[in-house]
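Below is coords-v6.cif, holding mmCIF, C-alpha atoms.
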```cif
data_protein
loop_
_atom_site.label_atom_id
_atom_site.label_comp_id
_atom_site.auth_asym_id
_atom_site.auth_seq_id
_atom_site.Cartn_x
_atom_site.Cartn_y
_atom_site.Cartn_z
CA MET A 1 -14.39 -2.44 7.79
CA ILE A 2 -11.64 -0.02 6.82
CA VAL A 3 -9.12 0.95 9.49
CA LEU A 4 -7.47 4.38 9.41
CA SER A 5 -4.34 4.96 11.47
CA TYR A 6 -4.81 8.59 12.42
CA SER A 7 -2.80 11.27 14.20
CA SER A 8 -2.80 15.04 14.09
CA GLY A 9 0.06 15.05 11.57
CA HIS A 10 -0.12 16.65 8.12
CA ASP A 11 0.20 13.42 6.15
CA CYS A 12 -2.75 11.88 7.99
CA GLU A 13 -5.19 14.31 6.38
CA GLY A 14 -4.60 12.79 2.96
CA ALA A 15 -4.92 9.32 4.48
CA LEU A 16 -8.21 10.33 6.11
CA THR A 17 -9.62 11.61 2.81
CA TRP A 18 -8.53 8.45 0.97
CA ALA A 19 -9.98 6.19 3.69
CA ALA A 20 -13.25 8.12 3.79
CA ARG A 21 -13.69 7.84 0.01
CA ALA A 22 -12.89 4.13 0.15
CA ALA A 23 -15.42 3.52 2.94
CA ILE A 24 -18.11 5.34 0.97
CA ALA A 25 -17.29 3.51 -2.28
CA ARG A 26 -17.27 0.11 -0.56
CA ASP A 27 -20.21 0.97 1.72
CA VAL A 28 -18.39 -0.31 4.80
CA PRO A 29 -17.72 1.13 8.28
CA LEU A 30 -14.62 3.21 8.98
CA ALA A 31 -12.68 2.77 12.22
CA VAL A 32 -10.42 5.71 13.10
CA VAL A 33 -7.59 4.51 15.34
CA SER A 34 -5.25 6.81 17.27
CA VAL A 35 -2.52 5.47 19.51
CA ALA A 36 -0.52 7.44 22.07
CA GLY A 37 2.84 6.09 23.17
CA LEU A 38 3.50 6.16 26.91
CA PRO A 39 6.71 8.05 27.79
CA SER A 40 9.33 6.07 29.68
CA MET A 41 8.97 8.40 32.66
CA LEU A 42 5.68 6.72 33.53
CA GLY A 43 7.53 3.58 34.49
CA ASP A 44 10.23 5.36 36.47
CA ALA A 45 9.57 5.13 40.22
CA ASN A 46 12.05 7.94 40.83
CA TYR A 47 10.14 10.38 38.65
CA ALA A 48 8.75 13.05 40.97
CA ALA A 49 5.45 13.74 39.26
CA PRO A 50 4.36 10.77 37.12
CA LEU A 51 1.64 11.54 34.60
CA PRO A 52 -1.44 9.30 34.67
CA ALA A 53 -1.71 6.90 31.75
CA GLU A 54 -5.38 7.88 31.45
CA MET A 55 -4.25 11.31 30.25
CA PHE A 56 -2.62 9.77 27.20
CA THR A 57 -5.59 7.51 26.52
CA GLU A 58 -7.93 10.48 26.67
CA SER A 59 -5.66 12.44 24.34
CA ALA A 60 -5.59 9.57 21.83
CA GLN A 61 -9.37 9.25 22.01
CA ALA A 62 -9.79 12.98 21.40
CA ILE A 63 -7.60 12.77 18.29
CA ALA A 64 -9.54 9.73 17.06
CA GLU A 65 -12.83 11.59 17.63
CA GLU A 66 -11.44 14.53 15.67
CA GLY A 67 -10.63 12.25 12.75
CA ALA A 68 -14.02 10.56 12.96
CA ALA A 69 -15.76 13.95 12.86
CA LYS A 70 -13.82 14.92 9.73
CA ALA A 71 -14.74 11.60 8.11
CA ARG A 72 -18.42 12.29 8.78
CA GLU A 73 -18.03 15.69 7.16
CA LEU A 74 -16.69 13.89 4.10
CA GLY A 75 -19.84 11.77 3.96
CA VAL A 76 -18.97 8.58 5.85
CA LYS A 77 -22.05 7.48 7.79
CA ASP A 78 -20.70 4.61 9.91
CA VAL A 79 -17.61 5.84 11.76
CA THR A 80 -16.15 4.78 15.10
CA ALA A 81 -13.25 6.34 17.03
CA HIS A 82 -10.75 4.26 18.98
CA GLY A 83 -8.09 5.88 21.17
CA THR A 84 -5.58 3.80 23.06
CA THR A 85 -2.00 3.74 24.31
CA GLY A 86 0.94 1.56 23.42
CA ASP A 87 2.78 0.70 20.22
CA THR A 88 1.01 2.20 17.22
CA ALA A 89 1.99 -0.47 14.71
CA ARG A 90 0.98 -3.33 17.00
CA ALA A 91 -2.38 -1.72 17.77
CA VAL A 92 -3.23 -1.07 14.12
CA VAL A 93 -2.11 -4.56 13.08
CA GLU A 94 -4.43 -5.99 15.75
CA PHE A 95 -7.32 -3.98 14.30
CA SER A 96 -6.40 -5.24 10.82
CA LYS A 97 -7.45 -8.78 11.78
CA ASP A 98 -11.08 -7.75 11.30
CA ALA A 99 -10.52 -5.30 8.45
CA GLU A 100 -10.56 -5.52 4.67
CA LEU A 101 -8.21 -2.56 4.30
CA VAL A 102 -5.87 -0.39 6.38
CA VAL A 103 -5.00 3.18 5.40
CA VAL A 104 -2.02 4.98 6.91
CA GLY A 105 0.04 8.13 6.32
CA SER A 106 3.74 7.74 5.55
CA ARG A 107 5.12 9.76 8.48
CA GLY A 108 8.56 9.69 6.87
CA ARG A 109 10.82 12.55 7.97
CA GLY A 110 14.39 11.57 7.21
CA GLN A 111 16.50 11.71 4.06
CA LEU A 112 17.98 8.22 4.30
CA LEU A 113 16.30 5.31 2.52
CA SER A 114 15.20 3.69 5.77
CA ALA A 115 13.62 6.95 6.94
CA LEU A 116 11.74 7.83 3.77
CA LEU A 117 8.69 5.87 4.85
CA GLY A 118 8.65 5.94 8.64
CA SER A 119 9.04 2.94 10.93
CA VAL A 120 5.40 2.87 12.07
CA SER A 121 4.00 2.86 8.54
CA TYR A 122 6.52 0.27 7.43
CA GLU A 123 5.73 -2.05 10.35
CA ILE A 124 2.00 -1.78 9.68
CA THR A 125 2.55 -2.55 6.00
CA ALA A 126 4.80 -5.49 6.79
CA HIS A 127 2.60 -7.13 9.40
CA ALA A 128 -1.03 -6.22 8.65
CA HIS A 129 -3.49 -9.03 7.97
CA CYS A 130 -5.07 -7.26 4.99
CA PRO A 131 -4.05 -4.89 2.19
CA VAL A 132 -2.51 -1.59 3.31
CA VAL A 133 -2.67 1.74 1.48
CA VAL A 134 0.11 4.19 2.36
CA ILE A 135 -0.48 7.85 1.54
CA ARG A 136 2.89 9.47 0.99
CA ARG A 137 3.62 12.89 2.44
CA GLY A 138 2.64 15.53 -0.13
CA ALA A 139 1.01 12.99 -2.47
CA ASP A 140 -1.85 14.20 -4.61
CA ILE A 141 -4.61 11.72 -3.83
CA GLY A 142 -6.59 12.87 -6.82
CA ALA A 143 -10.28 13.43 -7.33
CA ARG A 144 -13.00 11.15 -6.01
CA ASN A 145 -13.65 9.83 -9.52
CA GLY A 146 -11.35 8.83 -12.36
CA GLN A 147 -8.50 7.30 -10.38
CA ALA A 148 -5.48 6.23 -12.47
CA VAL A 149 -4.35 2.93 -10.95
CA VAL A 150 -1.16 1.08 -11.90
CA VAL A 151 -0.45 -2.48 -10.78
CA GLY A 152 2.53 -4.78 -11.18
CA LEU A 153 1.85 -8.26 -12.56
CA ASP A 154 4.31 -11.15 -12.72
CA GLY A 155 1.98 -14.12 -13.00
CA SER A 156 2.23 -15.18 -9.37
CA GLU A 157 -0.77 -15.74 -7.11
CA GLY A 158 0.24 -12.74 -5.02
CA SER A 159 0.35 -10.41 -8.00
CA GLN A 160 -3.04 -11.66 -9.15
CA ASP A 161 -4.45 -10.63 -5.77
CA ALA A 162 -2.88 -7.22 -6.36
CA VAL A 163 -4.52 -7.01 -9.80
CA ASP A 164 -7.92 -7.87 -8.31
CA PHE A 165 -7.50 -5.19 -5.66
CA ALA A 166 -6.36 -2.60 -8.21
CA ALA A 167 -9.26 -3.39 -10.52
CA GLY A 168 -11.70 -2.92 -7.66
CA VAL A 169 -10.30 0.54 -6.89
CA ALA A 170 -10.36 1.57 -10.55
CA VAL A 171 -13.91 0.29 -11.08
CA ARG A 172 -15.32 1.95 -7.97
CA SER A 173 -13.73 5.29 -8.90
CA LYS A 174 -14.71 4.93 -12.59
CA GLY A 175 -11.05 5.31 -13.44
CA LYS A 176 -8.53 3.44 -15.55
CA LEU A 177 -6.17 0.55 -14.84
CA THR A 178 -2.69 -0.06 -16.22
CA LEU A 179 -1.09 -3.51 -15.92
CA VAL A 180 2.70 -3.51 -15.86
CA THR A 181 4.80 -6.62 -16.43
CA VAL A 182 8.58 -6.37 -16.20
CA TRP A 183 10.89 -8.96 -17.71
CA ARG A 184 14.63 -9.28 -17.17
CA ASP A 185 17.63 -10.69 -19.03
CA PRO A 186 18.93 -13.47 -16.72
CA ILE A 187 22.29 -13.58 -18.50
CA ALA A 188 22.90 -9.85 -18.15
CA ASP A 189 21.80 -10.06 -14.53
CA GLY A 190 24.27 -12.85 -13.87
CA LEU A 191 21.50 -15.28 -12.98
CA MET A 192 22.52 -17.75 -15.71
CA PRO A 193 25.82 -18.75 -17.33
CA VAL A 194 26.70 -16.83 -20.46
CA ASP A 195 25.66 -18.82 -23.52
CA TYR A 196 25.51 -16.54 -26.53
CA SER A 197 24.51 -19.38 -28.85
CA HIS A 198 21.10 -19.58 -27.20
CA GLY A 199 20.91 -16.07 -25.80
CA ASP A 200 18.56 -14.58 -28.38
CA THR A 201 16.16 -17.52 -28.21
CA LEU A 202 16.11 -17.39 -24.41
CA LEU A 203 15.30 -13.68 -24.33
CA GLN A 204 12.58 -14.10 -26.94
CA ASP A 205 10.98 -16.88 -24.88
CA ILE A 206 11.12 -14.84 -21.66
CA LYS A 207 9.63 -11.79 -23.32
CA LYS A 208 6.97 -13.89 -25.03
CA GLN A 209 5.91 -15.56 -21.79
CA ALA A 210 5.73 -12.18 -20.03
CA ALA A 211 3.63 -10.74 -22.87
CA GLU A 212 1.25 -13.70 -22.81
CA THR A 213 0.81 -13.39 -19.03
CA LEU A 214 0.07 -9.71 -19.42
CA GLN A 215 -2.42 -10.13 -22.26
CA ARG A 216 -4.28 -12.98 -20.54
CA ALA A 217 -4.75 -10.85 -17.45
CA ALA A 218 -5.91 -7.88 -19.49
CA ALA A 219 -8.38 -10.02 -21.45
CA THR A 220 -9.84 -11.43 -18.24
CA LEU A 221 -10.27 -7.97 -16.77
CA ARG A 222 -11.93 -6.60 -19.91
CA GLU A 223 -14.35 -9.51 -19.88
CA THR A 224 -15.08 -9.14 -16.15
CA TYR A 225 -15.32 -5.34 -16.21
CA PRO A 226 -16.51 -4.30 -19.71
CA ASP A 227 -16.62 -0.62 -18.78
CA LEU A 228 -13.12 -0.53 -17.27
CA SER A 229 -10.33 1.03 -19.34
CA VAL A 230 -7.38 -1.40 -19.21
CA ASP A 231 -3.95 -0.60 -20.61
CA THR A 232 -0.85 -2.81 -20.65
CA VAL A 233 2.85 -2.05 -20.38
CA LEU A 234 5.57 -4.63 -21.06
CA VAL A 235 9.07 -3.45 -20.23
CA GLU A 236 12.55 -4.81 -19.56
CA GLY A 237 14.40 -3.70 -16.46
CA LEU A 238 14.48 -3.77 -12.68
CA PRO A 239 10.91 -4.41 -11.45
CA ALA A 240 10.63 -1.63 -8.86
CA ASP A 241 12.26 0.98 -11.08
CA ALA A 242 10.19 0.01 -14.11
CA LEU A 243 6.95 -0.01 -12.12
CA LEU A 244 7.66 3.42 -10.65
CA LYS A 245 8.48 4.82 -14.09
CA ALA A 246 5.32 3.38 -15.61
CA ALA A 247 3.28 4.78 -12.72
CA ASP A 248 4.52 8.35 -13.10
CA GLY A 249 1.48 10.56 -12.67
CA ALA A 250 -0.76 7.76 -11.36
CA ASP A 251 -3.02 8.17 -8.33
CA LEU A 252 -2.27 4.73 -6.88
CA ILE A 253 0.43 2.08 -7.36
CA VAL A 254 -0.49 -1.46 -6.34
CA THR A 255 1.91 -4.33 -5.76
CA GLY A 256 1.90 -7.66 -3.96
CA SER A 257 3.91 -8.00 -0.77
CA ARG A 258 5.89 -11.08 -1.90
CA GLY A 259 7.58 -11.25 1.51
CA ARG A 260 8.53 -14.73 2.70
CA GLY A 261 10.91 -14.15 5.61
CA GLY A 262 10.31 -14.35 9.35
CA PHE A 263 12.01 -11.09 10.23
CA GLY A 264 10.31 -7.71 10.00
CA GLY A 265 12.57 -6.45 7.23
CA LEU A 266 11.93 -9.55 5.10
CA LEU A 267 8.15 -9.49 5.25
CA LEU A 268 8.09 -7.24 2.20
CA GLY A 269 9.77 -8.23 -1.06
CA SER A 270 12.30 -6.03 -2.82
CA VAL A 271 9.74 -4.68 -5.30
CA SER A 272 7.16 -3.64 -2.72
CA HIS A 273 9.95 -2.28 -0.51
CA GLY A 274 11.37 -0.18 -3.35
CA VAL A 275 7.99 1.13 -4.44
CA LEU A 276 7.02 2.08 -0.89
CA HIS A 277 10.17 4.08 -0.33
CA HIS A 278 10.31 5.90 -3.66
CA ALA A 279 6.75 6.35 -4.92
CA LYS A 280 5.33 9.85 -5.11
CA SER A 281 1.74 8.64 -5.14
CA ALA A 282 -0.35 6.53 -2.81
CA VAL A 283 0.83 2.90 -2.63
CA ALA A 284 -1.19 -0.23 -1.89
CA ILE A 285 0.54 -3.40 -0.69
CA VAL A 286 -1.64 -6.46 -1.12
CA ARG A 287 -1.12 -9.81 0.59
#
```
Before we go any further, please render this structure as structure tokens.
Amino acid sequence: MIVLSYSSGHDCEGALTWAARAAIARDVPLAVVSVAGLPSMLGDANYAAPLPAEMFTESAQAIAEEGAAKARELGVKDVTAHGTTGDTARAVVEFSKDAELVVVGSRGRGQLLSALLGSVSYEITAHAHCPVVVIRRGADIGARNGQAVVVGLDGSEGSQDAVDFAAGVAVRSKGKLTLVTVWRDPIADGLMPVDYSHGDTLLQDIKKQAAETLQRAAATLRETYPDLSVDTVLVEGLPADALLKAADGADLIVTGSRGRGGFGGLLLGSVSHGVLHHAKSAVAIVR
């Protein structure tokens, strides 16, 4: 099942189209979820004319039905609509327990870094139990076929999951996949003591290991998916910046979550956080 977090906002239309295409390509049901937040006045005993909570539930259900109808028009056969009240992120995360993918619009409105994505979308991405695709406001989601997918690879188990997800998207859309591996100079970054006598050898070893990781992954993909076009990019720099630069013009950027912390803001690593906030295309975070 694919879960779509849907509202009547502009950026949700792109998310709906992306989710509908994914449901058709995967041949799985689509669940359209709309959540209405209850205004604080409903809990205020002094409020003269409290509005019934059912009104908000009915409104959310109507919006969900609207999204489901649009999905059917796009060709999705198995669609359900779910309208409820409460916290949007919590509700969608609960639905994600039984899903293979969640799709959400960015909803970002502000100019500050923390507002570029939108708190609801960020919370869903940070806490969902499955991969999440975020469709940025104004992003060109591309044609149904021929998706250009870019994925970051660093050799970790999490990034391998991201590669598998990205390959699946590229194969189903008959598109192309680009693997990006970024290596860094630990001396220049201040991560190791300066030792110029071994500096060149160290950098050569780091670059060599990164290149080998990249080529092994590409070889495996070409063997597994003979018809898939696979390109590789090896670059030095900051991972998020390098990945974004390599993905310029792509339809989808995929990265692992890499979050290890217990707090909401630490559930996404610095790379996935940076890509989410600055990408112009759709972004998939895989955990």
Resolved residues for the PyMOL selection byres ((chain A and resi 244) around 12) as a VMD selection string: chain A and resid 150 to 152 180 to 182 235 237 to 243 245 to 255 271 to 283
Next, dump the selected residues to file, keeping only C-alpha atoms, as an mmCIF file, in the coordinates of the input.
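Now in again_10.cif:
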```cif
data_model
loop_
_atom_site.group_PDB
_atom_site.id
_atom_site.type_symbol
_atom_site.label_atom_id
_atom_site.label_comp_id
_atom_site.auth_asym_id
_atom_site.auth_seq_id
_atom_site.Cartn_x
_atom_site.Cartn_y
_atom_site.Cartn_z
ATOM 1 C CA VAL A 150 -1.160 1.080 -11.900
ATOM 2 C CA VAL A 151 -0.450 -2.480 -10.780
ATOM 3 C CA GLY A 152 2.530 -4.780 -11.180
ATOM 4 C CA VAL A 180 2.700 -3.510 -15.860
ATOM 5 C CA THR A 181 4.800 -6.620 -16.430
ATOM 6 C CA VAL A 182 8.580 -6.370 -16.200
ATOM 7 C CA VAL A 235 9.070 -3.450 -20.230
ATOM 8 C CA GLY A 237 14.400 -3.700 -16.460
ATOM 9 C CA LEU A 238 14.480 -3.770 -12.680
ATOM 10 C CA PRO A 239 10.910 -4.410 -11.450
ATOM 11 C CA ALA A 240 10.630 -1.630 -8.860
ATOM 12 C CA ASP A 241 12.260 0.980 -11.080
ATOM 13 C CA ALA A 242 10.190 0.010 -14.110
ATOM 14 C CA LEU A 243 6.950 -0.010 -12.120
ATOM 15 C CA LYS A 245 8.480 4.820 -14.090
ATOM 16 C CA ALA A 246 5.320 3.380 -15.610
ATOM 17 C CA ALA A 247 3.280 4.780 -12.720
ATOM 18 C CA ASP A 248 4.520 8.350 -13.100
ATOM 19 C CA GLY A 249 1.480 10.560 -12.670
ATOM 20 C CA ALA A 250 -0.760 7.760 -11.360
ATOM 21 C CA ASP A 251 -3.020 8.170 -8.330
ATOM 22 C CA LEU A 252 -2.270 4.730 -6.880
ATOM 23 C CA ILE A 253 0.430 2.080 -7.360
ATOM 24 C CA VAL A 254 -0.490 -1.460 -6.340
ATOM 25 C CA THR A 255 1.910 -4.330 -5.760
ATOM 26 C CA VAL A 271 9.740 -4.680 -5.300
ATOM 27 C CA SER A 272 7.160 -3.640 -2.720
ATOM 28 C CA HIS A 273 9.950 -2.280 -0.510
ATOM 29 C CA GLY A 274 11.370 -0.180 -3.350
ATOM 30 C CA VAL A 275 7.990 1.130 -4.440
ATOM 31 C CA LEU A 276 7.020 2.080 -0.890
ATOM 32 C CA HIS A 277 10.170 4.080 -0.330
ATOM 33 C CA HIS A 278 10.310 5.900 -3.660
ATOM 34 C CA ALA A 279 6.750 6.350 -4.920
ATOM 35 C CA LYS A 280 5.330 9.850 -5.110
ATOM 36 C CA SER A 281 1.740 8.640 -5.140
ATOM 37 C CA ALA A 282 -0.350 6.530 -2.810
ATOM 38 C CA VAL A 283 0.830 2.900 -2.630
#
```
Among the residues A:Gln160, A:Ser257, A:Gln147, A:Gln204, the one that comes closest to Ala217 in chain A [using all atoms listed in the file]: A:Gln160
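Take CA of Ile2 in chain A and CA of Thr232 in chain A: the distance between them is 29.6 Å.
When only C-alpha atoms are used to compute distances to Ala81 in chain A, the closest of the residues A:Val93, A:Ser7, A:Glu13, A:Arg137 turns out to be A:Ser7.
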Test item: the PyMOL selection byres ((chain A and resi 101) around 10) resolved as a VMD selection string: chain A and resid 1 to 4 19 22 to 23 30 96 to 100 102 to 103 128 to 133 284 286
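The closest residue to Ser159 in chain A, picked from A:Ser5, A:Thr125, A:Thr213, A:Ser229 and counting only C-alpha atoms, is A:Thr213.
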Interatomic distance (Å, one decimal) between CA of Val104 in chain A and CA of Val230 in chain A: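 Result for CA of Val104 in chain A versus CA of Val230 in chain A: 27.4 Å, one decimal.
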Residues matched by the PyMOL selection byres ((chain A and resi 218) around 12) as JSON, numbers by chain: {"A": [151, 153, 155, 160, 163, 164, 167, 177, 178, 179, 180, 181, 211, 212, 213, 214, 215, 216, 217, 219, 220, 221, 222, 223, 224, 225, 226, 228, 229, 230, 231, 232, 233]}
Atom-to-atom span, CA of Ala91 in chain A and CA of Ala25 in chain A, Å: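 Interatomic distance, CA of Ala91 in chain A to CA of Ala25 in chain A: 25.5 Å.
Using only C-alpha atoms for every distance, the candidate list A:Ser106, A:Ile285, A:Lys174, A:Trp18 yields A:Ile285 as the residue closest to His127 in chain A.
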Residues within 9 Å of (-12.8, 7.7, 18.9), file coords, only C-alpha atoms, listed as a list in words: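 Within 9 Å of (-12.8, 7.7, 18.9), the protein and nucleic acid residues are Ala31, Val32, Val33, Ser34, Ala60, Gln61, Ala62, Ile63, Ala64, Glu65, Glu66, Gly67, Ala68, Val79, Thr80, Ala81, His82 and Gly83 of chain A.
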Given all atoms listed in the file as the counted atoms, nearest of A:Asp87, A:Asp185, A:Glu236, A:Asp161 to Ser121 in chain A: A:Asp87
Nearest-residue call for Gly75 in chain A, choices A:Arg21, A:Lys208, A:Arg90, A:Arg26, using all atoms listed in the file: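 The answer is A:Arg21, which sits nearest to Gly75 in chain A.
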Expected answer as a list in words: all residues with atoms within 8 Å of (4.8, 0.4, 14.7), only C-alpha atoms: Asp87, Thr88, Ala89, Arg90, Ser119, Val120, Ser121, Tyr122, Glu123 and Ile124 of chain A
With C-alpha atoms retained, export the selected residues as a JSON list (two decimals), keeping the file's coordinate frame.
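What ended up in out-v1.json:
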```
[["chain", "number", "residue", "atom", "x", "y", "z"],
["A", 87, "ASP", "CA", 2.78, 0.70, 20.22],
["A", 88, "THR", "CA", 1.01, 2.20, 17.22],
["A", 89, "ALA", "CA", 1.99, -0.47, 14.71],
["A", 90, "ARG", "CA", 0.98, -3.33, 17.00],
["A", 119, "SER", "CA", 9.04, 2.94, 10.93],
["A", 120, "VAL", "CA", 5.40, 2.87, 12.07],
["A", 121, "SER", "CA", 4.00, 2.86, 8.54],
["A", 122, "TYR", "CA", 6.52, 0.27, 7.43],
["A", 123, "GLU", "CA", 5.73, -2.05, 10.35],
["A", 124, "ILE", "CA", 2.00, -1.78, 9.68]]
```
